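J.: Right, I'll just put the structure down here and ask away after.
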Amino acid sequence: MKILVIVRQTPDTEAKITSNSAGNGIESNELKWILNPFDEFAVEEAVKLKENNGAEVVILGVGPDRTIEAIRTALAMGGDSAIHIKDESFGEMDSYALAKVISSKIKEIGDVDLILSGKKWIDEESGQVAVQIAEELNIPQATIASKVDVDEGAKTIKVQSEIEGGQRIVELSFPALVTCERGLNEPRYASLPGIMKAKKKPLEEVAIDAINLEELGLTKEGLGSAGSRYKVDNIEIPVINRSLNILKGSGSDVVEGGEVQKAAEDLAKLLREEAKII
Amino acid sequence: MSEIWVLVDTTAEGTVRNVTYEVLTAAVKLKEKNSATVAAVYVGENAGSIESDLSKFGAEKIYKVESPALKDFNPAAYAAAFSEVIKKHSPDIILGGNTLHNQDFLPRVASKTSAGLIFDAVDLDISSSSTLQIKRYRYSGKSISGMTFHDVKPMIATVRPNTFKATENSASGEVVTENPEVATEDNIKILETKLVPKDRPELTEADKIVSGGRGMANGDNFKLIYDVADSIGAGAGASRAAVDSGYVPYEMQVGQTGKVVAPNLYVAVGISGSVQHYAGMGSSKVIVAINKDPDAPIFQKCDYGICGDLFEVLPALTEEFKKLS
């Protein structure tokens, strides 16, 4: 069984985001970057399947040079080899173009049984690229998986997915694509020996020039750079500007004794009369 | 004449979800800019008689895209059926709620129709060159991006629930039925659908949410959260700390690695107010904090607050909310 895990490098969840000088992107130099947290569940699941059933795990990451760190993390967790599709301009590609580029590489590999990724990228707040890859490859998908069960003989995977108001269980025939949710597993830490080994694992670097964007229909007139169907005009950093009307106690800051009921009454009144919300 | 399509989201019982009316309201507003026809589009096995509800909120046309092959939700089959109808009628703009259902098949539609696709818009407009402009949060609520589509058709966007207030706006609601041929593939089998009856509104669509954090101390104490929530018809959520401590299940988690919510009222109880939590609820209209630590960061990010012991404040608040109802 060959499993391909698509990984993304995202800013750390603690990172403070500021806009760049052009005002149309983020200032990325000072940021700490991590493997997208939801992709960790995908890598872990692939490595578990490898340990239990035997499989080859290929990591595929798209992005500028620094993306290699996220790819190495995935290799250190147990991936066997990796593909890094490189170009600084990938940040400007939209999901349509990215899915075309990634799918063309997957088609070239040819014999992938299962494609895993996180349910969303926490930078773009979206999981649309994975589903577009499933469409480009004409294979079935199940998203937001909280449980999976592979039957290697039958070449199928059973997936429990989140849907509006509940869950559903589907069975996909290979090749198939599954996006992973928190709770699917407990991702292991990349161990020190794992990190050392990762540096020696096979890595294929693909330059954007090696991919024929024209052939993929991505260079039509009227489109943005790299075939994007939209462009980012500007980025604003929302300023937290709230009214900070805090009800405090008379003695200390904390409301106590009889003040509690009074504070609750005042809050309810404010929410009704001032905020007009209940 | 150009058309703006609004995808109809329905519940398991077949009634139209409120987010559909919100998006219809947004489409009616956009139409002032480009004089397009606003159409609601149902894709599924059988629409039933939803036209009166949809026309009430501004649907001038209602496409019923129906096929027996769409009985179960197979994203590829839904995308195939919808894409065929898109190719036939060439709408300029397609909008829908940012629901799991739409997120599961619209990317396929975008690839099939070479469309642009943006999820989770919180603002919509038409540019001077007649393309769709949207605003959306990126980097987990830490930035808002203004984005403009290039000259592609269709332009597809999903809209964050609770962003637009559904407003009635009566329109003719002419029904057009389409029965596309849907080739069914046997590479996906739906084995089981488990709908969990919910006592409270779903977090992503709730108008009000009451959430508990580490300060709740254990799972049983969440009863106090549920009591407040039920007194105002709110959904119940939790911080990552409460989920990681095992008090409540992950599906209740609000934040960067949980659900992103945008209710009119968000009450954070015993939640310190980390960057990650705020990233998931910072676009709420009114934020209330209840915490006994006067230095908790949440008190710098809220509209109202009570500095006090949540075990005393919550029962008092439930009582006061009940008095108001």
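Ordering of the structure tokens sets the chain letters (A, B, ...); residue numbers start at 1 within each chain; ligands are numbered from 1 in the order shown.
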I need the residues of range 217-266 of chain B that end up classed as helix (DSSP H, G or I) by DSSP on the backbone, written out as a PyMOL selection string.

T.: chain B and resi 222-231+240-244+250-252

J.: I need the contact residues of chain A against chain B, so if you could list those with any atom within 6 Å, counting only C-alpha atoms, and return them as an MDAnalysis selection string, that would help.

T.: chainID A and resid 123:124 128 131:132 135 165:173 222:223 229:237 242:248 254:255 261 264:265

J.: I'd like the neighbourhood of Thr179 in chain A as a list of chain:residue names, where a residue qualifies if any of its atoms comes within 6 Å (using only C-alpha atoms), though same-chain residues fewer than 2 positions away should be ignored.

T.: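 Everything that qualifies: A:Leu116, A:Ser117, A:Gly118, A:Lys119, A:Thr143, A:Ile144.
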
J.: Any chance you could export the current selection's N, CA and C atoms as a PDB file, in the first residue's frame?

T.:
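This is the output file out.pdb:
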```
ATOM      1  N   LEU A 116      -3.867  11.227   2.314  1.00  0.00           N
ATOM      2  CA  LEU A 116      -4.343  11.785   3.575  1.00  0.00           C
ATOM      3  C   LEU A 116      -3.894  13.241   3.690  1.00  0.00           C
ATOM      4  N   SER A 117      -4.719  14.063   4.361  1.00  0.00           N
ATOM      5  CA  SER A 117      -4.287  15.422   4.702  1.00  0.00           C
ATOM      6  C   SER A 117      -5.107  15.870   5.899  1.00  0.00           C
ATOM      7  N   GLY A 118      -4.744  17.023   6.473  1.00  0.00           N
ATOM      8  CA  GLY A 118      -5.530  17.580   7.563  1.00  0.00           C
ATOM      9  C   GLY A 118      -6.864  18.083   7.052  1.00  0.00           C
ATOM     10  N   LYS A 119      -7.843  18.254   7.970  1.00  0.00           N
ATOM     11  CA  LYS A 119      -9.164  18.688   7.508  1.00  0.00           C
ATOM     12  C   LYS A 119      -9.147  20.128   7.027  1.00  0.00           C
ATOM     13  N   THR A 143     -14.260  13.608   4.258  1.00  0.00           N
ATOM     14  CA  THR A 143     -13.588  14.697   4.962  1.00  0.00           C
ATOM     15  C   THR A 143     -13.882  14.636   6.462  1.00  0.00           C
ATOM     16  N   ILE A 144     -13.048  15.292   7.240  1.00  0.00           N
ATOM     17  CA  ILE A 144     -13.206  15.428   8.691  1.00  0.00           C
ATOM     18  C   ILE A 144     -13.364  14.062   9.351  1.00  0.00           C
TER      19      ILE A 144
END
```

J.: Please compute the CA of Pro193 in chain A-CA of Glu45 in chain A distance, one decimal, in Å.

T.: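 Going from CA of Pro193 in chain A over to CA of Glu45 in chain A covers 20.2 Å.
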
J.: Looking only at the backbone, which of the residues in range 4-241 of chain A does DSSP tag as strand (DSSP E or B), as a PyMOL selection string?

T.: chain A and resi 4-7+9-11+19+26+33-35+56-63+81-86+114-118+121+126+141-151+156-163+166-173+176-180+203-207+230-236

J.: For Val38 in chain B, which residue among B:Ala77, B:Ala171, B:Val85, B:Val210 is the nearest when counting only C-alpha atoms?

T.: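 Closest residue, counting only C-alpha atoms: B:Ala171.
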
J.: Between A:Ile83, A:Leu75, A:Ile17, A:Val7, which has the minimum distance to Ala198 in chain A (counting only C-alpha atoms)?

T.: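 The shortest atom-to-atom distance to Ala198 in chain A comes from A:Leu75.
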
J.: Point out the residue among A:Thr13, A:Glu92, A:Arg72, A:Asn241 with the least atom-to-atom distance to Gly25 in chain A, counting only C-alpha atoms.

T.: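 Closest to Gly25 in chain A of all the choices is A:Glu92.
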
J.: For Val23 in chain B, work out the shell of residues within 8 Å, counting only C-alpha atoms and skipping chain neighbours fewer than 4 positions away, then give it as a PDB file with N, CA, C and O atoms, in the first residue's frame.

T.:
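Generated output (result-v3.pdb):
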```
ATOM      1  N   VAL B   6     -28.044  31.011  -5.220  1.00  0.00           N
ATOM      2  CA  VAL B   6     -27.850  30.740  -3.791  1.00  0.00           C
ATOM      3  C   VAL B   6     -28.197  29.280  -3.537  1.00  0.00           C
ATOM      4  O   VAL B   6     -29.328  28.853  -3.785  1.00  0.00           O
ATOM      5  N   VAL B  19     -29.342  29.640   7.384  1.00  0.00           N
ATOM      6  CA  VAL B  19     -28.201  30.246   6.680  1.00  0.00           C
ATOM      7  C   VAL B  19     -28.541  30.524   5.213  1.00  0.00           C
ATOM      8  O   VAL B  19     -28.058  31.492   4.617  1.00  0.00           O
ATOM      9  N   ALA B  27     -27.519  38.130  -1.258  1.00  0.00           N
ATOM     10  CA  ALA B  27     -27.593  38.130  -2.728  1.00  0.00           C
ATOM     11  C   ALA B  27     -28.509  39.247  -3.220  1.00  0.00           C
ATOM     12  O   ALA B  27     -28.217  39.913  -4.211  1.00  0.00           O
ATOM     13  N   LEU B  95     -23.418  31.478  -4.519  1.00  0.00           N
ATOM     14  CA  LEU B  95     -23.167  31.641  -3.090  1.00  0.00           C
ATOM     15  C   LEU B  95     -23.824  30.504  -2.322  1.00  0.00           C
ATOM     16  O   LEU B  95     -24.793  29.905  -2.796  1.00  0.00           O
ATOM     17  N   GLY B  96     -23.311  30.230  -1.141  1.00  0.00           N
ATOM     18  CA  GLY B  96     -23.942  29.224  -0.286  1.00  0.00           C
ATOM     19  C   GLY B  96     -23.456  29.439   1.128  1.00  0.00           C
ATOM     20  O   GLY B  96     -22.485  30.174   1.354  1.00  0.00           O
ATOM     21  N   GLY B  97     -24.114  28.825   2.089  1.00  0.00           N
ATOM     22  CA  GLY B  97     -23.639  28.898   3.467  1.00  0.00           C
ATOM     23  C   GLY B  97     -22.324  28.144   3.597  1.00  0.00           C
ATOM     24  O   GLY B  97     -22.085  27.180   2.857  1.00  0.00           O
ATOM     25  N   VAL B 159     -20.536  31.671   2.578  1.00  0.00           N
ATOM     26  CA  VAL B 159     -20.700  32.797   3.486  1.00  0.00           C
ATOM     27  C   VAL B 159     -20.822  32.274   4.915  1.00  0.00           C
ATOM     28  O   VAL B 159     -21.546  31.312   5.175  1.00  0.00           O
ATOM     29  N   PHE B 164     -24.964  37.742   7.875  1.00  0.00           N
ATOM     30  CA  PHE B 164     -26.033  38.606   7.395  1.00  0.00           C
ATOM     31  C   PHE B 164     -27.318  38.244   8.128  1.00  0.00           C
ATOM     32  O   PHE B 164     -27.555  37.076   8.402  1.00  0.00           O
ATOM     33  N   ALA B 166     -31.064  37.550   8.122  1.00  0.00           N
ATOM     34  CA  ALA B 166     -32.070  37.189   7.127  1.00  0.00           C
ATOM     35  C   ALA B 166     -33.222  38.188   7.163  1.00  0.00           C
ATOM     36  O   ALA B 166     -33.785  38.454   8.228  1.00  0.00           O
TER      37      ALA B 166
END
```

J.: Which residues are near range 200-211 of chain A? Cut-off 12 Å, only C-alpha atoms, ignore same chain within fewer than 2 positions. Put them as a ChimeraX atom specification.

T.: /A:57-65,67-68,71-76,78-90,93,97-98,100-105,108-109,193-198,213-218,226

J.: So which one's closest to Ala238 in chain B, B:Leu224, B:Asn218, B:Ala268, B:Val16? Using only C-alpha atoms, please.

T.: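 Under the stated criterion, the closest residue is B:Ala268.
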
J.: Measuring between only C-alpha atoms, which one of A:Met1, A:Leu184, A:Lys16, A:Val260 shows the shortest distance to Glu51 in chain A?

T.: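 Checking each of A:Met1, A:Leu184, A:Lys16, A:Val260 against Glu51 in chain A, counting only C-alpha atoms, the winner is A:Met1.
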
J.: Need the shell around Val248 in chain B: protein/DNA/RNA residues with any atom at most 12 Å away, counting only C-alpha atoms. Skip same-chain ones fewer than 6 positions apart. Format as a PyMOL selection string?

T.: chain B and resi 211-214+216-223+225-226+236-242+254

J.: Take the residues just selected and output them with all heavy atoms as a compact mmCIF listing (two decimals), in the first residue's frame.

T.:
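Once everything was written out, this is part_0.txt:
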```
# COMPACT_ATOMS: atom_id res chain seq x y z
N SER B 211 -19.80 29.42 26.68
CA SER B 211 -18.70 28.46 26.69
C SER B 211 -18.00 28.42 28.04
O SER B 211 -17.86 29.45 28.70
CB SER B 211 -17.64 28.84 25.65
OG SER B 211 -18.10 28.59 24.36
N GLY B 212 -17.55 27.23 28.43
CA GLY B 212 -16.82 27.06 29.68
C GLY B 212 -15.37 26.70 29.42
O GLY B 212 -15.04 26.05 28.43
N GLY B 213 -14.50 27.08 30.34
CA GLY B 213 -13.08 26.79 30.21
C GLY B 213 -12.56 25.96 31.35
O GLY B 213 -13.31 25.27 32.06
N ARG B 214 -11.25 26.04 31.55
CA ARG B 214 -10.61 25.26 32.60
C ARG B 214 -11.20 25.57 33.97
O ARG B 214 -11.26 24.72 34.85
CB ARG B 214 -9.11 25.54 32.61
CG ARG B 214 -8.29 24.44 33.27
CD ARG B 214 -6.90 24.90 33.63
NE ARG B 214 -6.15 25.41 32.49
CZ ARG B 214 -5.41 24.65 31.69
NH1 ARG B 214 -5.32 23.37 31.91
NH2 ARG B 214 -4.75 25.18 30.69
N MET B 216 -14.06 25.62 34.89
CA MET B 216 -15.23 24.80 35.24
C MET B 216 -14.82 23.64 36.16
O MET B 216 -15.66 23.03 36.81
CB MET B 216 -15.89 24.23 33.98
CG MET B 216 -16.43 25.27 33.01
SD MET B 216 -17.52 26.49 33.78
CE MET B 216 -18.85 25.47 34.39
N ALA B 217 -13.54 23.28 36.16
CA ALA B 217 -12.94 22.29 37.07
C ALA B 217 -13.29 20.83 36.77
O ALA B 217 -12.49 19.94 37.02
CB ALA B 217 -13.24 22.59 38.53
N ASN B 218 -14.47 20.55 36.23
CA ASN B 218 -14.77 19.19 35.78
C ASN B 218 -15.98 19.19 34.84
O ASN B 218 -16.62 20.22 34.65
CB ASN B 218 -15.01 18.24 36.98
CG ASN B 218 -16.21 18.66 37.81
OD1 ASN B 218 -17.29 18.91 37.29
ND2 ASN B 218 -16.01 18.74 39.13
N GLY B 219 -16.25 18.02 34.28
CA GLY B 219 -17.33 17.90 33.29
C GLY B 219 -18.70 18.11 33.89
O GLY B 219 -19.58 18.71 33.27
N ASP B 220 -18.91 17.61 35.11
CA ASP B 220 -20.23 17.73 35.74
C ASP B 220 -20.64 19.18 35.90
O ASP B 220 -21.81 19.54 35.76
CB ASP B 220 -20.22 17.06 37.12
CG ASP B 220 -20.11 15.54 37.00
OD1 ASP B 220 -20.40 15.02 35.90
OD2 ASP B 220 -19.73 14.89 37.99
N ASN B 221 -19.65 20.04 36.21
CA ASN B 221 -19.97 21.45 36.42
C ASN B 221 -20.47 22.14 35.16
O ASN B 221 -21.02 23.24 35.25
CB ASN B 221 -18.74 22.19 36.96
CG ASN B 221 -18.42 21.80 38.39
OD1 ASN B 221 -19.31 21.36 39.13
ND2 ASN B 221 -17.16 21.92 38.77
N PHE B 222 -20.29 21.50 34.00
CA PHE B 222 -20.80 22.12 32.77
C PHE B 222 -22.33 22.23 32.79
O PHE B 222 -22.90 22.95 31.98
CB PHE B 222 -20.32 21.36 31.53
CG PHE B 222 -19.11 22.00 30.91
CD1 PHE B 222 -17.86 21.86 31.51
CD2 PHE B 222 -19.20 22.78 29.77
CE1 PHE B 222 -16.74 22.48 30.97
CE2 PHE B 222 -18.09 23.40 29.22
CZ PHE B 222 -16.86 23.25 29.82
N LYS B 223 -22.97 21.52 33.74
CA LYS B 223 -24.43 21.68 33.88
C LYS B 223 -24.77 23.15 34.10
O LYS B 223 -25.78 23.65 33.61
CB LYS B 223 -24.94 20.82 35.04
CG LYS B 223 -26.43 20.94 35.18
CD LYS B 223 -27.04 19.95 36.15
CE LYS B 223 -28.57 20.06 36.15
NZ LYS B 223 -29.07 21.42 36.30
N ILE B 225 -23.20 25.67 32.83
CA ILE B 225 -23.13 26.30 31.50
C ILE B 225 -24.42 26.01 30.72
O ILE B 225 -25.02 26.90 30.13
CB ILE B 225 -21.91 25.74 30.71
CG1 ILE B 225 -20.59 26.14 31.38
CG2 ILE B 225 -21.95 26.17 29.25
CD1 ILE B 225 -20.19 27.58 31.21
N TYR B 226 -24.85 24.72 30.76
CA TYR B 226 -26.05 24.35 30.01
C TYR B 226 -27.27 25.10 30.54
O TYR B 226 -28.15 25.49 29.78
CB TYR B 226 -26.29 22.83 30.07
CG TYR B 226 -25.11 22.01 29.59
CD1 TYR B 226 -24.74 20.82 30.22
CD2 TYR B 226 -24.35 22.42 28.49
CE1 TYR B 226 -23.66 20.07 29.78
CE2 TYR B 226 -23.26 21.68 28.05
CZ TYR B 226 -22.91 20.51 28.70
OH TYR B 226 -21.83 19.77 28.26
N ALA B 236 -23.83 25.57 23.46
CA ALA B 236 -22.84 25.43 24.54
C ALA B 236 -21.50 25.03 23.94
O ALA B 236 -21.41 24.07 23.18
CB ALA B 236 -23.30 24.39 25.55
N GLY B 237 -20.44 25.79 24.31
CA GLY B 237 -19.11 25.51 23.79
C GLY B 237 -18.10 25.37 24.91
O GLY B 237 -18.45 25.35 26.09
N ALA B 238 -16.84 25.26 24.52
CA ALA B 238 -15.78 25.06 25.50
C ALA B 238 -14.46 25.56 24.93
O ALA B 238 -14.30 25.68 23.72
CB ALA B 238 -15.65 23.58 25.86
N SER B 239 -13.52 25.82 25.83
CA SER B 239 -12.18 26.19 25.39
C SER B 239 -11.36 24.93 25.16
O SER B 239 -11.74 23.83 25.58
CB SER B 239 -11.50 27.06 26.44
OG SER B 239 -11.17 26.25 27.56
N ARG B 240 -10.21 25.10 24.53
CA ARG B 240 -9.34 23.95 24.30
C ARG B 240 -8.91 23.33 25.63
O ARG B 240 -8.82 22.11 25.77
CB ARG B 240 -8.12 24.39 23.50
CG ARG B 240 -7.15 23.26 23.33
CD ARG B 240 -6.05 23.53 22.35
NE ARG B 240 -5.30 22.29 22.22
CZ ARG B 240 -4.39 22.06 21.30
NH1 ARG B 240 -4.13 22.97 20.42
NH2 ARG B 240 -3.76 20.91 21.25
N ALA B 241 -8.64 24.19 26.63
CA ALA B 241 -8.19 23.69 27.92
C ALA B 241 -9.23 22.75 28.53
O ALA B 241 -8.89 21.70 29.09
CB ALA B 241 -7.90 24.86 28.86
N ALA B 242 -10.51 23.11 28.41
CA ALA B 242 -11.57 22.27 28.97
C ALA B 242 -11.68 20.94 28.21
O ALA B 242 -11.93 19.89 28.81
CB ALA B 242 -12.91 23.01 28.93
N VAL B 254 -14.25 25.60 20.83
CA VAL B 254 -14.22 26.83 20.04
C VAL B 254 -12.79 27.35 20.04
O VAL B 254 -12.13 27.36 21.08
CB VAL B 254 -15.15 27.89 20.67
CG1 VAL B 254 -14.98 29.25 19.99
CG2 VAL B 254 -16.61 27.44 20.59
```

J.: Smallest atom-to-atom distance to Glu181 in chain A: which of A:Ala275, A:Ala42, A:Ala55, A:Leu137, using only C-alpha atoms?

T.: A:Ala42
